[in-house]
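See structure below.
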2 protein chains.
Amino acid sequence: MIDCGRFPAKRVEGDVVEVSADVWRDGHEILRAELRYKAPGSRSWARAPMRRVDAHVDGDRWAGEFKVDAPGRWQYSIEAWTDVFATWRDELARKVDAGQEDLQSELLEGIALLRGAVGGVADQRDRRVVEHAIEELEHPDVKPQEKFPVALDVQLLEAVERHPDRAGSAKLDRPLELIVDRERARFGSWYELFPRSWGGFAGVEEQLPRLKELGFDVIYLPPIHPIGRKNRKGRNNALTAGPDDPGSPWAIGDETGGHDAIHPDLGTLEDFDRLTARARELDMDVALDFAIQCSADHPWLTDHPEWFNHRPDGTLKYAENPPKRYQDIYNVNWDTDDWPALWEALLAVVRHWVEHGVRVFRVDNPHTKPLGFWEWLIREVTAEHPDVIFLSEAFTRRARMVGLAKAGFSQSYTYFTWKNARWELEEFVHELLTPIQREVLRPNLFANTPDILHEYLQHGGPSAFATRLVLAATLSPTYGIYSGYEHFENVPVRPGSEEYLDSEKYEMKARELDGPLLPFIRTVNEIRRENPALQHFANVTFLDTQNDGLIAYAKQAQGNTVVCVVNLDPHEAQEGLVHVPDHLGLPVAFVAHDLLTDERFGWHLGGNYVRLEPPFKQAHVLRIEGP
Amino acid sequence: MIDCGRFPAKRVEGDVVEVSADVWRDGHEILRAELRYKAPGSRSWARAPMRRVDAHVDGDRWAGEFKVDAPGRWQYSIEAWTDVFATWRDELARKVDAGQEDLQSELLEGIALLRGAVGGVADQRDRRVVEHAIEELEHPDVKPQEKFPVALDVQLLEAVERHPDRAGSAKLDRPLELIVDRERARFGSWYELFPRSWGGFAGVEEQLPRLKELGFDVIYLPPIHPIGRKNRKGRNNALTAGPDDPGSPWAIGDETGGHDAIHPDLGTLEDFDRLTARARELDMDVALDFAIQCSADHPWLTDHPEWFNHRPDGTLKYAENPPKRYQDIYNVNWDTDDWPALWEALLAVVRHWVEHGVRVFRVDNPHTKPLGFWEWLIREVTAEHPDVIFLSEAFTRRARMVGLAKAGFSQSYTYFTWKNARWELEEFVHELLTPIQREVLRPNLFANTPDILHEYLQHGGPSAFATRLVLAATLSPTYGIYSGYEHFENVPVRPGSEEYLDSEKYEMKARELDGPLLPFIRTVNEIRRENPALQHFANVTFLDTQNDGLIAYAKQAQGNTVVCVVNLDPHEAQEGLVHVPDHLGLPVAFVAHDLLTDERFGWHLGGNYVRLEPPFKQAHVLRIEGP
């Protein structure tokens, strides 16, 4: 229950949803409780039993579960009631056990209860059982002592309980909601590329089989729309562009079109359709960037000036983050009186691309737009297309990131790139696992982005790239890299900056899938696919290593245990003892099979010696196998 | 916020209530937040500022506080809004700092904001400040550069902010409620006595000054009503009473009256009025027992048979907990169609005794009555008399005990008597300190009751009584004993039972205040009164002792630190090292002044040797004093 039911928790298709609650009332009555749940689009509520799970500590905690077998918004609630017949039967049993015999009055009460119940017993056979019991209990020739076994018969109890009388039941004030996404929302490998550097849509389409082979599931494209000319940025973010500079794809729109148009250099809408169709054949996704901002040439500025901020002199007001000025970009004015039309126009943009085969959107800077807008937009889109996934690019304060996740974003960018020390990484993961965050925020760990080249990568050489890749790909079931990573691209625009030199944001590159890290990436992606333990996030246990230069963690799912040990030092060998604790439930001795090198080590509970050495041996990814 | 605001948290008169919340919105605007709160009976909401308290970790947590200076139900909420003028001013300042000069448009925006604000500036002087700024900013002869200092003037900002425009503010969906009790709900020493063993009301009245001197605040009387004759219990709970057996006070009512009548042996209503008046003079309370059950002779059984359970043959049904039968007691039928009249009759009982000076009720077995009834009754009574305190006698499953506390009970009995080992006591206290419980459930630690003579007391001799008294009186600000404790009464009705032999529940005693433990109890109560640290519950830190036979804990409040060390072994001396951790904020070396013996010890951070030895030295209660 997130924020008193205000927001939904998240699951994926095929999950078994566990629900628990304290269920109690005054007195000593026997209670019953059920889960009620409703699939998206279903008219009727299904039921699943709940059982008291902590009777051993005399608690009132009940639990039940149901399986979510379709994407969409599910609803669930809890219903609990007093089981009057079972309570009566239980009291009678205790009296009979104690040898009490003057129980005529009790039997009359029981007959009354059965007479009240029999009308609700829909099943023929069960009704006969109940009717027969009533006859016996009422029969003047049967002695009271002979009636007790009839009244206490387990088959009678079962017949009654199969048709419970829920009169006076208690329910939650209102049902809770659950977002169920397709599995890719939880588990997927992302590759980000600028299509203009790969020969446009046709070039990207050509690469798809190879990207598939490398283990990537989602190919994420920065904005594919026409780019404004006015105040266009030049290479390395220069204020004025040269005549051949292509500009930043995030300066969206020119006189030929805006968010629903395609940059002519990339191809046509038909080319795009072919790209998404080919991706679908390969069970891959093409993810688009949804950036709500307009270049000075975007048609909306003239068609809908009321959607934008104005200066007192009536002119449009470009974006600022004082003292910085973004003369090439205009933000929409969310406070416009015409906001319903603005919201609808933005929804139409998303719908347009959904119609052209896009099922994943990476949303640019969502934290600078109203939360209510996202909640509405995501609900509208997923109501029609529950397979659509939204990734929130919010590098902002924690409460806001979590707020966007609550509002419905399927995934979120994180602070991962800035977490490089062992304690930072462990703290980072534990924060994502707090009771609320683990239910709503699915982290997508990008190892780099066009905006973030961390100094760890700038200075660590190839071993730094291997370390960060293994961390991203094994800590989280969803991770990504931006092309160039596999080439160890590591030169910043200037010392101290996280921007790339000659950033692809402002120029075209000639890219090919030939980076030296690709074979390693392919292996890691294969391992991810073969090991269920690496397809979940919350199933992590950090292990001590007696060395802060080594991080180690175990992940477990469906009987599969994987232990990762990663050298955080890109320059020096690090050695330590990886402590395998009892509570993982492993045998005393076992084989730790390194899936990166195919080496096998004899490991055991307690400390296990590990030495990792750059550049070629930065990590163990160990599948635990029988002794 | 308890259960999404469904139930109130609790405080006492004079408390400063701290409230915190995440406050944020999309974008980079400057926000403001205020607490809103309303005293009971007040028509208007007061405001208190909230401030962002975790800016240092880039968080969105805001906090504020308000003082509750009267008992009753307070309400509070949070209001937050965008500070448009401060946001504009902040952006302008950043532009001016960056040397930007083409800010004519910004100044025009500022003028528009000030013009919009000036109407809401009620204060004359502030309005002049704003009007003067507008004049300067609009003046054609003043150069833009000279206008910046006017626009950025702190006095202008303050003048505007003193009259904030809260347009578009966000509030909680509904205000939260807070029960504010008088201080005795949190801090008090209870003494339970059967008035029939002390010469009735007049005899008890005579003892009041001496009980006051001993440090007791609340004198709790078991039911004072007529006792049924039919099926009356005899001595030691015998099924049939002898002709002179007085019966159990909990078998309430005979033909002369029920819950609003007085047993003739105890005195008259006038005697009772005198008792409560004398108690009030001494700043003490007389607590009554509110037990909703009737003897077979209670007038309600004939006047309102519809309020009770019936057997199928139409006769009334006595109380049972199968196979046990309570033939002397009839429980009310909460499911009666006439429940509104029943509820009103019970409320009338409480009101009757409130009118006769009772301000504390100990409620018998509330967990077998509907939670909704208690919530209603307590609300009704305290709406008229916010100084009334309700103690819940619920020895039941944890969720139910906490549920009763949420519903409004001021205090609750606990499992304290059954917690005797060090780990049990620490676990017991920690459970009471979980985030929800600490806000709603105030424990009242009775060391014994007429129903509970724990085997620790049966077998431990006088040192066991000293140990349990110190634990009850220093772990909790509210504690109690049942008379006889000070005489070390320790004989059970039979081995293995927690019932007293010749229990006062079924016979009269001749009691006097002359027990050998009384001087010790008086000292402990004095120490409680003089040390604020012992007047709160949640301010406890358990200290290691390197010996499970010794429990130690520090309590801190208002600059007062008390460290208690208690020997849990009633038979043998125990020694250990009490570890004083850094985080208590004490100096490196200090004096630990034993308030029980007036001894002074030189203590320091880290381990301090302690030896405690029965029978006369079972505990240290150490006030920490300067070095």
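Each chain in the structure tokens gets a letter, A, B and so on, in the order shown; residues start at 1 in every chain, and ligands are counted from 1 in the order they appear.
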Step one, run DSSP on the backbone; step two, keep only residues of stretch 68-135 of chain B assigned to strand (DSSP E or B); then write them as a PyMOL selection string.
-> chain B and resi 72-82
Kindly save the residues from that selection, with all heavy atoms included, as a compact mmCIF listing (two decimals), in the first residue's frame.
```
# COMPACT_ATOMS: atom_id res chain seq x y z
N GLY B 72 -7.49 17.93 24.94
CA GLY B 72 -8.59 17.81 23.98
C GLY B 72 -8.08 17.33 22.64
O GLY B 72 -6.92 16.95 22.50
N ARG B 73 -8.97 17.33 21.65
CA ARG B 73 -8.59 16.89 20.31
C ARG B 73 -8.12 18.09 19.50
O ARG B 73 -8.93 18.98 19.19
CB ARG B 73 -9.77 16.24 19.59
CG ARG B 73 -10.36 15.09 20.35
CD ARG B 73 -10.26 13.79 19.61
NE ARG B 73 -10.71 12.72 20.51
CZ ARG B 73 -10.74 11.44 20.19
NH1 ARG B 73 -10.34 11.05 19.00
NH2 ARG B 73 -11.13 10.54 21.06
N TRP B 74 -6.87 18.10 19.18
CA TRP B 74 -6.33 19.12 18.29
C TRP B 74 -6.37 18.60 16.86
O TRP B 74 -6.44 17.40 16.63
CB TRP B 74 -4.89 19.44 18.67
CG TRP B 74 -4.75 20.17 19.98
CD1 TRP B 74 -5.11 19.71 21.22
CD2 TRP B 74 -4.21 21.48 20.18
NE1 TRP B 74 -4.83 20.66 22.17
CE2 TRP B 74 -4.27 21.76 21.57
CE3 TRP B 74 -3.68 22.45 19.34
CZ2 TRP B 74 -3.82 22.96 22.11
CZ3 TRP B 74 -3.22 23.64 19.89
CH2 TRP B 74 -3.31 23.89 21.26
N GLN B 75 -6.33 19.54 15.93
CA GLN B 75 -6.21 19.16 14.53
C GLN B 75 -4.98 19.85 13.94
O GLN B 75 -4.61 20.94 14.38
CB GLN B 75 -7.44 19.59 13.74
CG GLN B 75 -8.67 18.76 14.07
CD GLN B 75 -9.83 19.18 13.19
OE1 GLN B 75 -10.35 20.28 13.34
NE2 GLN B 75 -10.24 18.31 12.29
N TYR B 76 -4.38 19.23 12.96
CA TYR B 76 -3.28 19.92 12.29
C TYR B 76 -3.20 19.46 10.84
O TYR B 76 -3.70 18.40 10.47
CB TYR B 76 -1.95 19.69 13.02
CG TYR B 76 -1.45 18.27 13.04
CD1 TYR B 76 -0.45 17.87 12.17
CD2 TYR B 76 -1.98 17.32 13.91
CE1 TYR B 76 0.03 16.57 12.19
CE2 TYR B 76 -1.52 16.03 13.93
CZ TYR B 76 -0.51 15.65 13.07
OH TYR B 76 -0.07 14.37 13.08
N SER B 77 -2.60 20.31 10.05
CA SER B 77 -2.43 20.00 8.64
C SER B 77 -1.17 20.71 8.16
O SER B 77 -0.48 21.38 8.93
CB SER B 77 -3.65 20.44 7.83
OG SER B 77 -3.52 20.03 6.49
N ILE B 78 -0.89 20.55 6.90
CA ILE B 78 0.28 21.18 6.30
C ILE B 78 -0.21 21.91 5.06
O ILE B 78 -1.04 21.40 4.32
CB ILE B 78 1.34 20.12 5.92
CG1 ILE B 78 1.90 19.48 7.20
CG2 ILE B 78 2.45 20.73 5.08
CD1 ILE B 78 2.79 18.29 6.93
N GLU B 79 0.28 23.12 4.87
CA GLU B 79 -0.04 23.86 3.65
C GLU B 79 1.28 24.30 3.01
O GLU B 79 2.18 24.77 3.70
CB GLU B 79 -0.91 25.07 3.98
CG GLU B 79 -1.37 25.81 2.72
CD GLU B 79 -2.45 26.86 2.99
OE1 GLU B 79 -2.74 27.13 4.19
OE2 GLU B 79 -2.99 27.41 2.02
N ALA B 80 1.38 24.11 1.72
CA ALA B 80 2.62 24.48 1.02
C ALA B 80 2.26 25.15 -0.29
O ALA B 80 1.24 24.83 -0.90
CB ALA B 80 3.48 23.24 0.76
N TRP B 81 3.09 26.09 -0.70
CA TRP B 81 2.80 26.81 -1.93
C TRP B 81 4.09 27.33 -2.56
O TRP B 81 5.15 27.30 -1.95
CB TRP B 81 1.81 27.95 -1.67
CG TRP B 81 2.35 29.03 -0.78
CD1 TRP B 81 2.95 30.18 -1.16
CD2 TRP B 81 2.36 29.03 0.67
NE1 TRP B 81 3.33 30.92 -0.06
CE2 TRP B 81 2.97 30.24 1.08
CE3 TRP B 81 1.90 28.15 1.65
CZ2 TRP B 81 3.15 30.57 2.43
CZ3 TRP B 81 2.07 28.48 2.98
CH2 TRP B 81 2.68 29.68 3.36
N THR B 82 3.95 27.78 -3.80
CA THR B 82 5.07 28.34 -4.52
C THR B 82 5.21 29.82 -4.17
O THR B 82 4.23 30.56 -4.25
CB THR B 82 4.83 28.20 -6.03
OG1 THR B 82 4.56 26.84 -6.32
CG2 THR B 82 6.04 28.66 -6.82
```
Write out as a PyMOL selection string the residues lying within 7 Å of stretch 332-336 of chain A, counting only C-alpha atoms and excluding same-chain residues fewer than 3 positions away.
-> chain A and resi 293+306-309+339
Would you put the residues from that selection into a file with all heavy atoms, as a PDB file, in the first residue's frame?
```pdb
ATOM      1  N   GLN A 293       9.982  19.987 -25.127  1.00  0.00           N
ATOM      2  CA  GLN A 293      10.582  21.307 -25.288  1.00  0.00           C
ATOM      3  C   GLN A 293      10.659  21.577 -26.783  1.00  0.00           C
ATOM      4  O   GLN A 293      10.646  20.642 -27.577  1.00  0.00           O
ATOM      5  CB  GLN A 293      11.974  21.341 -24.660  1.00  0.00           C
ATOM      6  CG  GLN A 293      12.862  20.279 -25.236  1.00  0.00           C
ATOM      7  CD  GLN A 293      13.967  19.865 -24.282  1.00  0.00           C
ATOM      8  OE1 GLN A 293      13.890  20.076 -23.083  1.00  0.00           O
ATOM      9  NE2 GLN A 293      15.002  19.278 -24.827  1.00  0.00           N
ATOM     10  N   GLU A 306      -0.054  30.436 -26.963  1.00  0.00           N
ATOM     11  CA  GLU A 306      -0.572  30.466 -25.583  1.00  0.00           C
ATOM     12  C   GLU A 306      -0.048  29.302 -24.748  1.00  0.00           C
ATOM     13  O   GLU A 306      -0.233  29.281 -23.537  1.00  0.00           O
ATOM     14  CB  GLU A 306      -2.113  30.487 -25.588  1.00  0.00           C
ATOM     15  CG  GLU A 306      -2.771  29.218 -26.093  1.00  0.00           C
ATOM     16  CD  GLU A 306      -2.811  29.096 -27.631  1.00  0.00           C
ATOM     17  OE1 GLU A 306      -2.148  29.914 -28.317  1.00  0.00           O
ATOM     18  OE2 GLU A 306      -3.473  28.170 -28.147  1.00  0.00           O
ATOM     19  N   TRP A 307       0.610  28.336 -25.381  1.00  0.00           N
ATOM     20  CA  TRP A 307       1.167  27.213 -24.629  1.00  0.00           C
ATOM     21  C   TRP A 307       2.553  27.541 -24.052  1.00  0.00           C
ATOM     22  O   TRP A 307       3.164  26.707 -23.390  1.00  0.00           O
ATOM     23  CB  TRP A 307       1.324  25.975 -25.526  1.00  0.00           C
ATOM     24  CG  TRP A 307       0.017  25.358 -25.943  1.00  0.00           C
ATOM     25  CD1 TRP A 307      -1.233  25.712 -25.522  1.00  0.00           C
ATOM     26  CD2 TRP A 307      -0.161  24.269 -26.848  1.00  0.00           C
ATOM     27  NE1 TRP A 307      -2.191  24.923 -26.105  1.00  0.00           N
ATOM     28  CE2 TRP A 307      -1.550  24.012 -26.932  1.00  0.00           C
ATOM     29  CE3 TRP A 307       0.713  23.467 -27.593  1.00  0.00           C
ATOM     30  CZ2 TRP A 307      -2.070  23.013 -27.733  1.00  0.00           C
ATOM     31  CZ3 TRP A 307       0.187  22.475 -28.389  1.00  0.00           C
ATOM     32  CH2 TRP A 307      -1.200  22.243 -28.465  1.00  0.00           C
ATOM     33  N   PHE A 308       3.061  28.738 -24.334  1.00  0.00           N
ATOM     34  CA  PHE A 308       4.438  29.053 -23.950  1.00  0.00           C
ATOM     35  C   PHE A 308       4.479  30.289 -23.049  1.00  0.00           C
ATOM     36  O   PHE A 308       3.516  31.047 -22.970  1.00  0.00           O
ATOM     37  CB  PHE A 308       5.303  29.258 -25.207  1.00  0.00           C
ATOM     38  CG  PHE A 308       5.392  28.009 -26.035  1.00  0.00           C
ATOM     39  CD1 PHE A 308       4.432  27.714 -26.999  1.00  0.00           C
ATOM     40  CD2 PHE A 308       6.409  27.094 -25.815  1.00  0.00           C
ATOM     41  CE1 PHE A 308       4.481  26.537 -27.734  1.00  0.00           C
ATOM     42  CE2 PHE A 308       6.466  25.905 -26.553  1.00  0.00           C
ATOM     43  CZ  PHE A 308       5.504  25.632 -27.517  1.00  0.00           C
ATOM     44  N   ASN A 309       5.619  30.447 -22.369  1.00  0.00           N
ATOM     45  CA  ASN A 309       5.796  31.601 -21.494  1.00  0.00           C
ATOM     46  C   ASN A 309       6.076  32.851 -22.323  1.00  0.00           C
ATOM     47  O   ASN A 309       6.775  32.790 -23.334  1.00  0.00           O
ATOM     48  CB  ASN A 309       6.966  31.360 -20.541  1.00  0.00           C
ATOM     49  CG  ASN A 309       6.656  30.251 -19.554  1.00  0.00           C
ATOM     50  OD1 ASN A 309       5.693  30.340 -18.812  1.00  0.00           O
ATOM     51  ND2 ASN A 309       7.463  29.197 -19.576  1.00  0.00           N
ATOM     52  N   TRP A 339      -4.379  24.597 -20.893  1.00  0.00           N
ATOM     53  CA  TRP A 339      -3.630  23.366 -20.571  1.00  0.00           C
ATOM     54  C   TRP A 339      -4.323  22.086 -21.037  1.00  0.00           C
ATOM     55  O   TRP A 339      -3.628  21.126 -21.411  1.00  0.00           O
ATOM     56  CB  TRP A 339      -3.264  23.309 -19.090  1.00  0.00           C
ATOM     57  CG  TRP A 339      -4.428  23.204 -18.144  1.00  0.00           C
ATOM     58  CD1 TRP A 339      -5.057  24.228 -17.511  1.00  0.00           C
ATOM     59  CD2 TRP A 339      -5.097  22.010 -17.747  1.00  0.00           C
ATOM     60  NE1 TRP A 339      -6.079  23.757 -16.740  1.00  0.00           N
ATOM     61  CE2 TRP A 339      -6.133  22.395 -16.861  1.00  0.00           C
ATOM     62  CE3 TRP A 339      -4.935  20.649 -18.044  1.00  0.00           C
ATOM     63  CZ2 TRP A 339      -7.008  21.466 -16.280  1.00  0.00           C
ATOM     64  CZ3 TRP A 339      -5.802  19.726 -17.462  1.00  0.00           C
ATOM     65  CH2 TRP A 339      -6.822  20.141 -16.593  1.00  0.00           C
TER      66      TRP A 339
END
```
Of the residues B:Lys10, B:Arg235, B:Arg522, B:Lys369, which is the one nearest to chain A, using only C-alpha atoms?
->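 For chain A, the nearest of the candidates is B:Lys369.
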Who sits within 10 Å of stretch 566-577 of chain A, only C-alpha atoms, same chain under 3 positions skipped, as a ChimeraX atom specification | /A:420-422,456-457,459-468,470-471,543-553,563,580,606-615,617-621
Any chance you can output those residues with C-alpha atoms as a PDB file, in the first residue's frame?
```
ATOM      1  CA  ASN A 420      31.847   4.097  -7.370  1.00  0.00           C
ATOM      2  CA  ALA A 421      33.122   3.235  -3.891  1.00  0.00           C
ATOM      3  CA  ARG A 422      31.971   0.048  -2.191  1.00  0.00           C
ATOM      4  CA  TYR A 456      36.063   7.024 -13.024  1.00  0.00           C
ATOM      5  CA  LEU A 457      35.750   6.140 -16.716  1.00  0.00           C
ATOM      6  CA  HIS A 459      40.853   7.923 -15.739  1.00  0.00           C
ATOM      7  CA  GLY A 460      40.385   4.207 -15.203  1.00  0.00           C
ATOM      8  CA  GLY A 461      41.115   2.871 -18.671  1.00  0.00           C
ATOM      9  CA  PRO A 462      39.493  -0.284 -20.104  1.00  0.00           C
ATOM     10  CA  SER A 463      39.357  -2.025 -16.732  1.00  0.00           C
ATOM     11  CA  ALA A 464      37.111   0.775 -15.409  1.00  0.00           C
ATOM     12  CA  PHE A 465      34.692   0.088 -18.276  1.00  0.00           C
ATOM     13  CA  ALA A 466      34.655  -3.642 -17.492  1.00  0.00           C
ATOM     14  CA  THR A 467      34.049  -2.978 -13.781  1.00  0.00           C
ATOM     15  CA  ARG A 468      31.189  -0.577 -14.340  1.00  0.00           C
ATOM     16  CA  VAL A 470      29.571  -5.831 -14.629  1.00  0.00           C
ATOM     17  CA  LEU A 471      28.198  -3.723 -11.762  1.00  0.00           C
ATOM     18  CA  LEU A 543      28.844 -10.036   1.232  1.00  0.00           C
ATOM     19  CA  ASP A 544      31.825  -8.924   3.224  1.00  0.00           C
ATOM     20  CA  THR A 545      35.173  -9.078   1.445  1.00  0.00           C
ATOM     21  CA  GLN A 546      37.550  -7.679   4.097  1.00  0.00           C
ATOM     22  CA  ASN A 547      38.708  -5.233   1.430  1.00  0.00           C
ATOM     23  CA  ASP A 548      36.905  -2.058   0.381  1.00  0.00           C
ATOM     24  CA  GLY A 549      38.468  -2.412  -3.063  1.00  0.00           C
ATOM     25  CA  LEU A 550      36.345  -5.511  -3.665  1.00  0.00           C
ATOM     26  CA  ILE A 551      32.566  -5.520  -3.690  1.00  0.00           C
ATOM     27  CA  ALA A 552      30.681  -8.815  -3.520  1.00  0.00           C
ATOM     28  CA  TYR A 553      27.015  -9.705  -3.565  1.00  0.00           C
ATOM     29  CA  VAL A 563      27.767 -14.451  -6.535  1.00  0.00           C
ATOM     30  CA  VAL A 580      29.404 -16.557   2.314  1.00  0.00           C
ATOM     31  CA  GLY A 606      32.671 -18.605   5.469  1.00  0.00           C
ATOM     32  CA  GLY A 607      35.621 -16.830   3.841  1.00  0.00           C
ATOM     33  CA  ASN A 608      36.768 -17.624   0.292  1.00  0.00           C
ATOM     34  CA  TYR A 609      39.975 -16.143  -1.084  1.00  0.00           C
ATOM     35  CA  VAL A 610      39.611 -14.005  -4.187  1.00  0.00           C
ATOM     36  CA  ARG A 611      42.164 -12.034  -6.168  1.00  0.00           C
ATOM     37  CA  LEU A 612      41.141  -9.839  -9.083  1.00  0.00           C
ATOM     38  CA  GLU A 613      43.573  -7.992 -11.287  1.00  0.00           C
ATOM     39  CA  PRO A 614      43.188  -5.368 -14.014  1.00  0.00           C
ATOM     40  CA  PRO A 615      42.933  -5.113 -16.916  1.00  0.00           C
ATOM     41  CA  LYS A 617      40.271  -9.974 -14.706  1.00  0.00           C
ATOM     42  CA  GLN A 618      38.144  -7.382 -12.976  1.00  0.00           C
ATOM     43  CA  ALA A 619      35.245  -9.580 -11.908  1.00  0.00           C
ATOM     44  CA  HIS A 620      33.949 -13.012 -11.036  1.00  0.00           C
ATOM     45  CA  VAL A 621      30.361 -13.812 -11.914  1.00  0.00           C
TER      46      VAL A 621
END
```
Select residues of chain B: the criterion is any atom within 9 Å of an atom of chain A, counting only C-alpha atoms; output as an NGL selection string.
-> :B and (3-4 or 22-28 or 58-61 or 90-98 or 100 or 105-106 or 108-109 or 112 or 311-313 or 321-324 or 366-371 or 397-400)
Selected residues written out with C-alpha atoms, as a JSON list (two decimals), in the first residue's frame:
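Produced file again_10.json, reproduced below:
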```json
[["chain", "number", "residue", "atom", "x", "y", "z"],
["B", 3, "ASP", "CA", -3.11, 4.39, 9.66],
["B", 4, "CYS", "CA", -3.37, 7.11, 7.00],
["B", 22, "ASP", "CA", 8.42, 15.88, 2.20],
["B", 23, "VAL", "CA", 7.43, 19.09, 0.42],
["B", 24, "TRP", "CA", 8.22, 19.43, -3.27],
["B", 25, "ARG", "CA", 6.83, 20.21, -6.68],
["B", 26, "ASP", "CA", 8.05, 20.01, -10.25],
["B", 27, "GLY", "CA", 10.58, 22.57, -11.40],
["B", 28, "HIS", "CA", 12.93, 24.86, -9.51],
["B", 58, "ASP", "CA", 19.71, 17.96, -0.90],
["B", 59, "GLY", "CA", 16.50, 16.56, 0.58],
["B", 60, "ASP", "CA", 12.92, 17.79, 0.53],
["B", 61, "ARG", "CA", 12.13, 17.24, 4.20],
["B", 90, "ASP", "CA", 16.23, 34.71, -6.76],
["B", 91, "GLU", "CA", 16.44, 34.41, -10.54],
["B", 92, "LEU", "CA", 16.99, 38.14, -10.91],
["B", 93, "ALA", "CA", 19.76, 38.04, -8.31],
["B", 94, "ARG", "CA", 21.54, 35.27, -10.19],
["B", 95, "LYS", "CA", 21.31, 37.23, -13.44],
["B", 96, "VAL", "CA", 22.56, 40.42, -11.81],
["B", 97, "ASP", "CA", 25.40, 38.54, -10.15],
["B", 98, "ALA", "CA", 26.37, 37.14, -13.56],
["B", 100, "GLN", "CA", 23.63, 40.44, -17.23],
["B", 105, "SER", "CA", 11.78, 42.51, -19.10],
["B", 106, "GLU", "CA", 12.62, 40.90, -15.76],
["B", 108, "LEU", "CA", 8.60, 44.51, -15.68],
["B", 109, "GLU", "CA", 7.74, 41.01, -14.46],
["B", 112, "ALA", "CA", 3.62, 43.03, -12.17],
["B", 311, "ARG", "CA", -30.65, -19.23, 24.35],
["B", 312, "PRO", "CA", -33.04, -20.70, 21.78],
["B", 313, "ASP", "CA", -35.53, -21.36, 24.61],
["B", 321, "ASN", "CA", -15.33, -19.24, 27.36],
["B", 322, "PRO", "CA", -15.88, -22.92, 26.56],
["B", 323, "PRO", "CA", -15.51, -25.14, 28.37],
["B", 324, "LYS", "CA", -15.42, -22.53, 31.18],
["B", 366, "PRO", "CA", -12.00, -3.89, 26.41],
["B", 367, "HIS", "CA", -10.82, -6.26, 23.66],
["B", 368, "THR", "CA", -14.01, -8.32, 23.99],
["B", 369, "LYS", "CA", -16.13, -5.28, 23.15],
["B", 370, "PRO", "CA", -16.43, -3.57, 19.76],
["B", 371, "LEU", "CA", -13.61, -1.20, 18.91],
["B", 397, "ARG", "CA", -2.80, -10.21, 20.94],
["B", 398, "ARG", "CA", -0.58, -7.29, 20.09],
["B", 399, "ALA", "CA", -2.57, -5.99, 17.10],
["B", 400, "ARG", "CA", -5.67, -5.72, 19.28]]
```
When you look at A:Glu18 with a cut-off of 9 Å (counting only C-alpha atoms), what residues show up, excluding the ones that are within fewer than 4 positions of it in the same chain? I need them as a PDB file with C-alpha atoms, in the first residue's frame.
```pdb
ATOM      1  CA  ALA A  63      -1.583 -13.570   4.043  1.00  0.00           C
ATOM      2  CA  GLY A  64      -2.680 -14.688   0.619  1.00  0.00           C
ATOM      3  CA  GLU A  65      -1.545 -14.455  -2.978  1.00  0.00           C
ATOM      4  CA  PHE A  66      -2.762 -14.220  -6.538  1.00  0.00           C
ATOM      5  CA  LYS A  67      -1.088 -14.433  -9.913  1.00  0.00           C
TER       6      LYS A  67
END
```
Write out as a PyMOL selection string which residues come within 6 Å of B:Ser189 when counting only C-alpha atoms, dropping same-chain ones fewer than 3 positions away.
-> chain B and resi 216-217+478-480
Selection near stretch 83-85 of chain B, 9 Å with only C-alpha atoms, sequence-local residues under 6 positions removed, as a ChimeraX atom specification | /B:29-32,110,113-114,117,157,160-161,164-166
Quote the spacing between atom CA of A:Met401 and atom CA of A:Tyr415 in Å to one decimal place.
->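 These two atoms are separated by 10.5 Å.
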Backbone DSSP call of alpha helix (DSSP H) for stretch 321-567 of chain B, listed as number ranges by chain | B: 339-355, 371-384, 398-407, 422-432, 437-440, 455-475, 518-530
Selection near A:Arg529, 10 Å with only C-alpha atoms, sequence-local residues under 4 positions removed, as a PyMOL selection string | chain A and resi 187-189+215+477+523-525+533-535
re atom CA of B:Pro243 and atom CA of B:Asp265: distance 15.6 Å
